[in-house]
Structure formats: structure tokens, C-alpha cells
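Trainee: This is the structure I have questions about; it appears just below.
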Amino acid sequence: MPRPIQATIHTEALRHNLARVRAAAPDAKVWGVVKANAYGHGIERVFEGLRGADGFALLDLQEAERVRALGWRGPILLLEGAFEARDLELCSRLNLWHTVHCSEQIDMLATHKTHQPHRVFLKMNSGMNRLGFMPQHYRAAWTRLNALPQVDEISVMTHFSDADGPKGITRQMEVFVEATRDLPGERTVGNSAASLRHSADPLVRGDWVRPGIAVYGAAPDYPEHDAAGWGLQPAMTLSSRIIGVQRLVAGDTVGYGSSFTAEGPLRIGVVACGYADGYPRHCTTGTPVLVDGVRTRLVGRVSMDMVTVDLTGLPDAGMGSDVTLWGRAGNGALLSIDEVAQAGGTLGYELMCALAQRVPVVVAE
Ligand SMILES: Cc1ncc(COP(=O)(O)O)c(C=O)c1O
């Protein structure tokens with residue numbers, strides 16, 4: 001029998017979440033952001049659930065090839081554009097739209113031989129200071145791009161640093177709107193947080209929104225809001241089973257480093273899931289977990305292949321009981337990936353992306 005761990009991708013949840021984002025920005029087109037192998041879910045596995053998107057946005061050329069191999073003929077946007085000149089050949093061949101964020105990428109385009117002019121997204125650094133042209137250099141970049149025979153249509157884009165928090169997007173929006181005021185072309189500014197929190201502003205909705213985390217059913221701004229509060233459903237469940245049971249008495253300890261000491265009689269279950277499966281090692285005693293769909297807690301340290309959970313108060317639970325590390329349990333109970341991530345000092349984003357290769361994945365409707 002294989003080790004009982006499994007991840008499940010919920011196709012219907014992906015559809016639901018996409019619809020939820022559309023409802024927030026009804027007049028905008030939606031990029032389904034599927035970079036990082038669809039945030040760890042698997043591009044091929046999410047395709048059915050997200051094929052209602054207007055386009056797919058990603059970074060890796062190989063991932064773009066995979067989307068085309070699935071039969072997708074619509075728009076694909078490379079969010080970081082070409083990394084080297086020959087990437088543009090693939091853009092021409094597969095009709096990939098690509099971001100242009102630096103003058104080196106314009107140089108590459110200027111020497112690129114193509115019969116098919118490219119659709120590009122010119123990125124502005126409106127304050128995040130990661131990729132993009134500074135506002136004062138943006139127009140010159142646009143003019144240079146516009147003069148190239150290799151370029152067809154230019155869209156304008158930026159990315160927010162604080163759409164999920166109190167600082168917000170006001171300053172970056174002002175900078176972006178001012179610097180693009182009389183430029184033609186489609187606009188895209190909003191990730192999940194901006195699309196959910198700030199989409200009352202038509203300029204934030206723009207022509208395209210670019211939700212990633214929301215379509216996978218996690219909250220972009222946890223704990224201020226949780227996924228359920230945003231009307232999102234988890235697209236990934238990580239589940240396993242109890243493969244061992246121990247009865248402890250006061251003073252007994254659990255796991256490496258004896259970090260947990262029982263204060264009285266305690267029944268614990270050993271779960272086939274550890275950090276080598278992508279479960280965060282920094283989760284400590286108290287991290288929520290569902291056993292047979294009932295909430296209990298992790299006790300002791302996470303080890304490579306196992307975690308230990310408190311079964312006291314769950315008299316019916318034992319060998320073989322279902323364990324939900326995050327996602328949806330068999331009885332419908334939910335455990336948000338954001339809550340587990342927070343207990344491990346990280347974000348839902350990181351947990352889903354870190355699902356380990358060794359975990360078998362099934363796709364459910
Ligand atoms: C340029 C760009 N757009 C959109 C997204 C999607 O962001 P989120 O997953 O927060 O919605 C990302 C993700 O980092 C990104 O880099």
C-alpha cells in the first residue's frame with residue numbers, strides 16, 4: 001500500500017474562485033496567474049478549472065509551452081518577459097505576449113527577426129522597486145517600443161507592493177495614472193489583493209486583473225480577511241492518515257528535541273506527513289489540523305515524514321483516521337491554508353508552492 005498522503009485539486013473550487021474574482025471586477029478580463037506551476041497545483045491539473053479565464057500569466061517559457069500544449073490558443077503573458085534574446089523566438093512561435101520591464105529587453109526586441117509583431121506589456125516601477133521603468137523614463141521607453149516594427153500593441157502595467165495592507169495602493173496608482181495619462185493601450189495593475197480590496201475603482205480594475213492566490217482559494221490579506229470571508233474555496237487539500245497511536249502519561253515528551261511535554265494522560269496520533277511533503281517545519285504545538293474532519297492540534301516538532309497530533313477528546317479517532325493538513329475534509333469541514341501558514345510563520349502562497357514532488361496528487365471535480 002502506498003504511503004497514505006495525498007493532495008487533491010478541486011476543479012470546481014477553481015471555477016468558483018475565478019467567478020468570484022470576475023464578480024469583483026466584472027468589466028475586466030482576467031489573467032489566471034499560473035506561474036510557479038500554478039502555485040504548486042500543477043498547470044495541467046488546474047487547466048480545466050481555469051480555462052474560463054481570458055488568458056494565462058506566468059514566467060517560465062516551459063510553462064507557456066505546457067499551456068499551449070493543452071490546446072490553449074488565447075493570450076499568454078510572460079510576466080517577466082524575455083530573459084535572453086532567443087526567448088523572443090519562442091514568443092514569436094507560440095504567440096506569447098510579454099512584459100518589457102528594462103531597456104535591455106527593448107534592445108533584444110530591436111534585433112529580433114520576426115514576421116509577427118509582438119504584443120507587449122510595458123511595466124512601470126511605480127514604487128515597488130522590483131521590475132519596471134521609473135515613471136520619468138516610462139514615456140521614452142514607450143516611444144522607443146512604439147517605433148519598433150517588431151512591436152504591435154503596447155499595454156501598460158504596474159504591480160503593487162501593498163495592495164494587501166494598510167499602506168494601500170493610492171500612491172502607486174497616482175504615479176501610474178499620471179505617467180500613463182495620455183498613452184493608448186490596455187491597462188493592468190491589480191493582483192488578487194487589489195482586485196478584491198480596491199476594485200471599486202475602475203482604474204484599479206483596468207482592462208485586465210491578474211489574480212493568483214485568490215483563484216487558488218487563499219486570502220491575499222490574511223488575517224485581516226480569511227478566504228471564506230472573501231467567498232473563496234480552497235483549491236488544494238493536503239490529506240493523510242494516522243499510521244500510529246501513542247498513549248502518554250504526564251512528563252512524557254513527543255518527537256525530536258522533546259519540545260512538547262504531556263501535562264497529563266494524552267493520546268496522540270502519528271500522521272504520515274512531514275516537511276519532506278511540504279508541510280512547514282516551523283509549525284509548532286497548537287497548529288490546527290483536522291482529524292476525521294474535527295479540529296485538533298499539532299503537538300511536538302514536525303519531522304521529515306511525520307507529524308504528531310493530539311487525539312485526546314477524539315475518542316473515535318485512531319489508526320487509519322483521516323487527517324486534513326489543509327483544505328477540505330471528507331465531512332466538508334475546512335482548514336484554511338492561511339491559518340496553517342501563519343502558525344508556521346509564512347503565507348499560504350509558500351505552502352501551496354512548496355507541495356513536494358513526492359506527494360501524489362489527484363484532480364477532483
Ligand atoms: C506581476 C504579477 N501579477 C500578478 C501576480 C499575482 O499575485 P497574487 O497571487 O497576489 O494575486 C503576481 C504574483 O506575484 C505578479 O508578480
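Simple scheme: letters A, B, ... for chains in C-alpha cells order, numbers from 1 for residues in each chain, numbers from 1 for ligands in the order shown.
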Per residue of chain A within 7 Å of ligand 1, which atom pair is closest and at what distance in Å (one decimal), using only C-alpha atoms and all ligand atoms, listed by chain and increasing number, as a tab-separated table?
Mentor:
```
residue	atom	partner	partner_atom_place_in_ligand_line	distance
A:Val33	CA	ligand 1	6 (C)	6.0
A:Leu79	CA	ligand 1	1 (C)	5.6
A:His159	CA	ligand 1	1 (C)	5.6
A:Gly190	CA	ligand 1	4 (C)	6.9
A:Asn191	CA	ligand 1	11 (O)	4.0
A:Ser192	CA	ligand 1	11 (O)	3.5
A:Ala193	CA	ligand 1	10 (O)	6.1
A:Arg210	CA	ligand 1	4 (C)	4.7
A:Pro211	CA	ligand 1	11 (O)	3.8
A:Gly212	CA	ligand 1	9 (O)	3.4
A:Ile213	CA	ligand 1	9 (O)	3.8
A:Ala214	CA	ligand 1	11 (O)	6.1
A:Pro220	CA	ligand 1	10 (O)	5.9
```
Trainee: Could you give me, as a PyMOL selection string, the residues within 12 Å of range 162-172 of chain A, counting only C-alpha atoms and dropping anything in the same chain fewer than 4 positions from it?
Mentor: chain A and resi 124-129+134-135+157-158+176-179+189-199+201+203-204+213+219-225
Trainee: Report as number ranges by chain all protein, DNA and RNA residues lying within 9 Å of Leu88 in chain A, evaluated on only C-alpha atoms, omitting residues in the same chain fewer than 4 positions from it.
Mentor: A: 81-84, 92-93, 96, 98, 108-109, 112-114
Trainee: So that I can see what lies close to Thr253 in chain A, please list as an MDAnalysis selection string the residues with an atom at most 12 Å from it, counting only C-alpha atoms and leaving out residues fewer than 3 positions away in the same chain.
Mentor: chainID A and resid 246:250 256:268 299:301 308
Trainee: Taking only C-alpha atoms into account, produce a table as JSON lines in which each residue of range 319-356 of chain A with an atom at most 12 Å from an atom of range 241-244 of chain A appears once, together with its shortest atom pair and the distance in Å to one decimal, ordered by chain and rising number.
Mentor:
```
{"residue": "A:Met319", "atom": "CA", "partner": "A:Ile242", "partner_atom": "CA", "distance": 5.2}
{"residue": "A:Gly320", "atom": "CA", "partner": "A:Ile242", "partner_atom": "CA", "distance": 4.9}
{"residue": "A:Ser321", "atom": "CA", "partner": "A:Ile242", "partner_atom": "CA", "distance": 5.4}
{"residue": "A:Asp322", "atom": "CA", "partner": "A:Arg241", "partner_atom": "CA", "distance": 4.7}
{"residue": "A:Val323", "atom": "CA", "partner": "A:Arg241", "partner_atom": "CA", "distance": 5.2}
{"residue": "A:Thr324", "atom": "CA", "partner": "A:Arg241", "partner_atom": "CA", "distance": 8.3}
{"residue": "A:Leu325", "atom": "CA", "partner": "A:Arg241", "partner_atom": "CA", "distance": 10.0}
{"residue": "A:Ala329", "atom": "CA", "partner": "A:Arg241", "partner_atom": "CA", "distance": 11.8}
```
Trainee: Give me, please, the distance in Å between CA of His115 in chain A and CA of Glu89 in chain A, quoted to one decimal.
Mentor: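 It comes out at 10.8 Å.
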Trainee: Can you list, as a list of chain:residue names, every protein, DNA or RNA residue that comes within 9 Å of range 311-313 of chain A when you count only C-alpha atoms, leaving out same-chain residues fewer than 2 positions away?
Mentor: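 Non-adjacent residues within range: A:Val245, A:Pro265, A:Leu266, A:Arg267, A:Ile268, A:Gly269, A:Val291, A:Thr296, A:Arg297, A:Val309, A:Pro315, A:Asp316, A:Ala317, A:Gly318.
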Trainee: Those same residues, written as an mmCIF file, in the first residue's frame with C-alpha atoms?
Mentor:
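out.cif, written as the output of this step:
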```
data_model
loop_
_atom_site.group_PDB
_atom_site.id
_atom_site.type_symbol
_atom_site.label_atom_id
_atom_site.label_comp_id
_atom_site.auth_asym_id
_atom_site.auth_seq_id
_atom_site.Cartn_x
_atom_site.Cartn_y
_atom_site.Cartn_z
ATOM 1 C CA VAL A 245 -1.057 5.892 18.084
ATOM 2 C CA PRO A 265 -2.600 11.478 30.083
ATOM 3 C CA LEU A 266 -2.646 12.135 26.350
ATOM 4 C CA ARG A 267 -3.371 10.111 23.252
ATOM 5 C CA ILE A 268 -1.507 11.172 20.197
ATOM 6 C CA GLY A 269 -1.731 10.129 16.570
ATOM 7 C CA VAL A 291 -8.806 14.526 12.262
ATOM 8 C CA THR A 296 -7.426 19.427 16.930
ATOM 9 C CA ARG A 297 -3.785 20.478 17.268
ATOM 10 C CA VAL A 309 -1.432 15.313 16.645
ATOM 11 C CA PRO A 315 -12.247 9.002 21.226
ATOM 12 C CA ASP A 316 -13.294 7.592 17.869
ATOM 13 C CA ALA A 317 -10.097 8.636 16.124
ATOM 14 C CA GLY A 318 -7.248 6.161 15.805
#
```
Trainee: So which bits of range 58-284 of chain A end up helix (DSSP H, G or I) when you DSSP the backbone, as an MDAnalysis selection string?
Mentor: chainID A and resid 61:69 87:94 103:110 135:146 170:180 192:197 202:205 213:216 256:258 275:277
Trainee: Do a neighbour search on Cys102 in chain A at 8 Å with only C-alpha atoms, toss out local chain neighbours closer than 2 positions, and write the hits as an MDAnalysis selection string.
Mentor: chainID A and resid 100 104:106 131:133
Trainee: With a distance cut-off of 7 Å and only C-alpha atoms, select the neighbouring residues of Met236 in chain A, excluding the residue or stretch itself and same-chain residues fewer than 3 positions from it, and output the selection as a ChimeraX atom specification.
Mentor: /A:7-10,327
Trainee: Could you write out the selected residues, including N, CA, C and O atoms, as a tab-separated table (two decimals), in the first residue's frame?
Mentor:
```tsv
chain	number	residue	atom	x	y	z
A	7	ALA	N	-2.54	14.88	-2.14
A	7	ALA	CA	-3.10	16.23	-2.35
A	7	ALA	C	-4.23	16.10	-3.36
A	7	ALA	O	-4.14	15.30	-4.29
A	8	THR	N	-5.25	16.89	-3.16
A	8	THR	CA	-6.40	16.88	-4.08
A	8	THR	C	-6.59	18.29	-4.62
A	8	THR	O	-6.58	19.26	-3.85
A	9	ILE	N	-6.72	18.37	-5.93
A	9	ILE	CA	-7.00	19.67	-6.56
A	9	ILE	C	-8.49	19.70	-6.89
A	9	ILE	O	-9.02	18.79	-7.53
A	10	HIS	N	-9.15	20.75	-6.43
A	10	HIS	CA	-10.61	20.84	-6.57
A	10	HIS	C	-10.97	21.74	-7.76
A	10	HIS	O	-10.93	22.98	-7.67
A	327	GLY	N	-7.17	22.49	3.74
A	327	GLY	CA	-8.16	22.24	2.70
A	327	GLY	C	-9.47	21.74	3.27
A	327	GLY	O	-9.89	22.16	4.35
```
Trainee: Quote the spacing between CA of Asp152 in chain A and CA of Trp208 in chain A in Å to one decimal place.
Mentor: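 Atom-to-atom, CA of Asp152 in chain A to CA of Trp208 in chain A, that is 18.3 Å.
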Trainee: So that I can check the secondary structure, give me every residue of range 214-352 of chain A assigned strand (DSSP E) by backbone DSSP, as JSON, numbers by chain.
Mentor: {"A": [236, 237, 238, 239, 240, 241, 242, 243, 244, 245, 246, 247, 248, 253, 254, 260, 261, 266, 267, 268, 269, 270, 271, 288, 289, 290, 291, 294, 295, 296, 297, 298, 299, 307, 308, 309, 310, 322, 323, 324, 325, 326, 327, 328, 334, 335]}
Trainee: Please produce an output containing C-alpha atoms for each residue in the selection, written as a PDB file, in the first residue's frame.
Mentor:
```
ATOM      1  CA  MET A 236      -5.961  22.257  -2.742  1.00  0.00           C
ATOM      2  CA  THR A 237      -6.432  19.787   0.090  1.00  0.00           C
ATOM      3  CA  LEU A 238      -3.465  18.067   1.691  1.00  0.00           C
ATOM      4  CA  SER A 239      -4.629  14.949   3.481  1.00  0.00           C
ATOM      5  CA  SER A 240      -3.159  11.865   5.077  1.00  0.00           C
ATOM      6  CA  ARG A 241      -3.927   9.257   7.706  1.00  0.00           C
ATOM      7  CA  ILE A 242      -2.911   8.269  11.180  1.00  0.00           C
ATOM      8  CA  ILE A 243      -0.320   5.499  10.999  1.00  0.00           C
ATOM      9  CA  GLY A 244       0.463   5.144  14.689  1.00  0.00           C
ATOM     10  CA  VAL A 245      -1.057   5.892  18.084  1.00  0.00           C
ATOM     11  CA  GLN A 246       0.765   6.500  21.370  1.00  0.00           C
ATOM     12  CA  ARG A 247      -0.584   6.867  24.881  1.00  0.00           C
ATOM     13  CA  LEU A 248       1.377   9.269  27.031  1.00  0.00           C
ATOM     14  CA  THR A 253       7.640  14.059  25.604  1.00  0.00           C
ATOM     15  CA  VAL A 254       6.937  13.893  21.872  1.00  0.00           C
ATOM     16  CA  PHE A 260       6.365  19.008  23.865  1.00  0.00           C
ATOM     17  CA  THR A 261       5.793  17.538  27.319  1.00  0.00           C
ATOM     18  CA  LEU A 266      -2.646  12.135  26.350  1.00  0.00           C
ATOM     19  CA  ARG A 267      -3.371  10.111  23.252  1.00  0.00           C
ATOM     20  CA  ILE A 268      -1.507  11.172  20.197  1.00  0.00           C
ATOM     21  CA  GLY A 269      -1.731  10.129  16.570  1.00  0.00           C
ATOM     22  CA  VAL A 270       1.232   9.927  14.239  1.00  0.00           C
ATOM     23  CA  VAL A 271       0.386  11.288  10.772  1.00  0.00           C
ATOM     24  CA  PRO A 288      -4.614  23.425  13.759  1.00  0.00           C
ATOM     25  CA  VAL A 289      -5.251  20.121  11.999  1.00  0.00           C
ATOM     26  CA  LEU A 290      -8.446  18.173  11.253  1.00  0.00           C
ATOM     27  CA  VAL A 291      -8.806  14.526  12.262  1.00  0.00           C
ATOM     28  CA  VAL A 294     -12.700  17.583  13.632  1.00  0.00           C
ATOM     29  CA  ARG A 295     -10.301  20.306  14.624  1.00  0.00           C
ATOM     30  CA  THR A 296      -7.426  19.427  16.930  1.00  0.00           C
ATOM     31  CA  ARG A 297      -3.785  20.478  17.268  1.00  0.00           C
ATOM     32  CA  LEU A 298      -0.299  19.518  16.301  1.00  0.00           C
ATOM     33  CA  VAL A 299       1.954  18.536  19.202  1.00  0.00           C
ATOM     34  CA  VAL A 307       3.741  14.970  12.456  1.00  0.00           C
ATOM     35  CA  THR A 308       2.049  14.162  15.732  1.00  0.00           C
ATOM     36  CA  VAL A 309      -1.432  15.313  16.645  1.00  0.00           C
ATOM     37  CA  ASP A 310      -3.495  15.401  19.806  1.00  0.00           C
ATOM     38  CA  ASP A 322      -8.379  10.768   8.017  1.00  0.00           C
ATOM     39  CA  VAL A 323      -6.220  13.789   8.634  1.00  0.00           C
ATOM     40  CA  THR A 324      -6.575  17.086   6.794  1.00  0.00           C
ATOM     41  CA  LEU A 325      -3.452  19.221   6.967  1.00  0.00           C
ATOM     42  CA  TRP A 326      -5.171  21.987   4.986  1.00  0.00           C
ATOM     43  CA  GLY A 327      -8.163  22.243   2.696  1.00  0.00           C
ATOM     44  CA  ARG A 328     -11.441  20.363   2.854  1.00  0.00           C
ATOM     45  CA  LEU A 334     -12.458  23.441   6.188  1.00  0.00           C
ATOM     46  CA  LEU A 335      -8.991  24.233   7.441  1.00  0.00           C
TER      47      LEU A 335
END
```
Trainee: Which residue gives the smallest distance to Gly52 in chain A among A:Arg144, A:Arg3, A:Arg205, A:His16, with only C-alpha atoms counted?
Mentor: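 The answer is A:His16, which sits nearest to Gly52 in chain A.
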Trainee: Pick the closest to Val209 in chain A from A:Val21, A:Pro234, A:Met1, A:Gln6: which is it, counting only C-alpha atoms?
Mentor: A:Val21
Trainee: Find, counting only C-alpha atoms, the residue in A:Gly49, A:Gly185, A:Pro2, A:Gly206 that gets nearest to Leu18 in chain A.
Mentor: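 Among the listed residues, A:Gly49 lies closest to Leu18 in chain A.
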Trainee: What is the CA of Arg51 in chain A-CA of His118 in chain A distance in Å, reported with one decimal?
Mentor: 23.3 Å
Trainee: So, counting only C-alpha atoms, which residue among A:Ala28, A:Gln357, A:Ile5, A:Glu12 is closest to Ala272 in chain A?
Mentor: A:Ile5
Trainee: Could you tell me which of A:Asp305, A:Glu339, A:Asp27, A:Glu80 comes closest to Ala356 in chain A if we count only C-alpha atoms?
Mentor: A:Asp305
Trainee: When you count only C-alpha atoms, which of these residues is closest to Tyr138 in chain A: A:Leu183, A:Val215, A:Leu50, A:Ala228?
Mentor: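 Going through A:Leu183, A:Val215, A:Leu50, A:Ala228 one by one, the smallest distance to Tyr138 in chain A is for A:Leu183.
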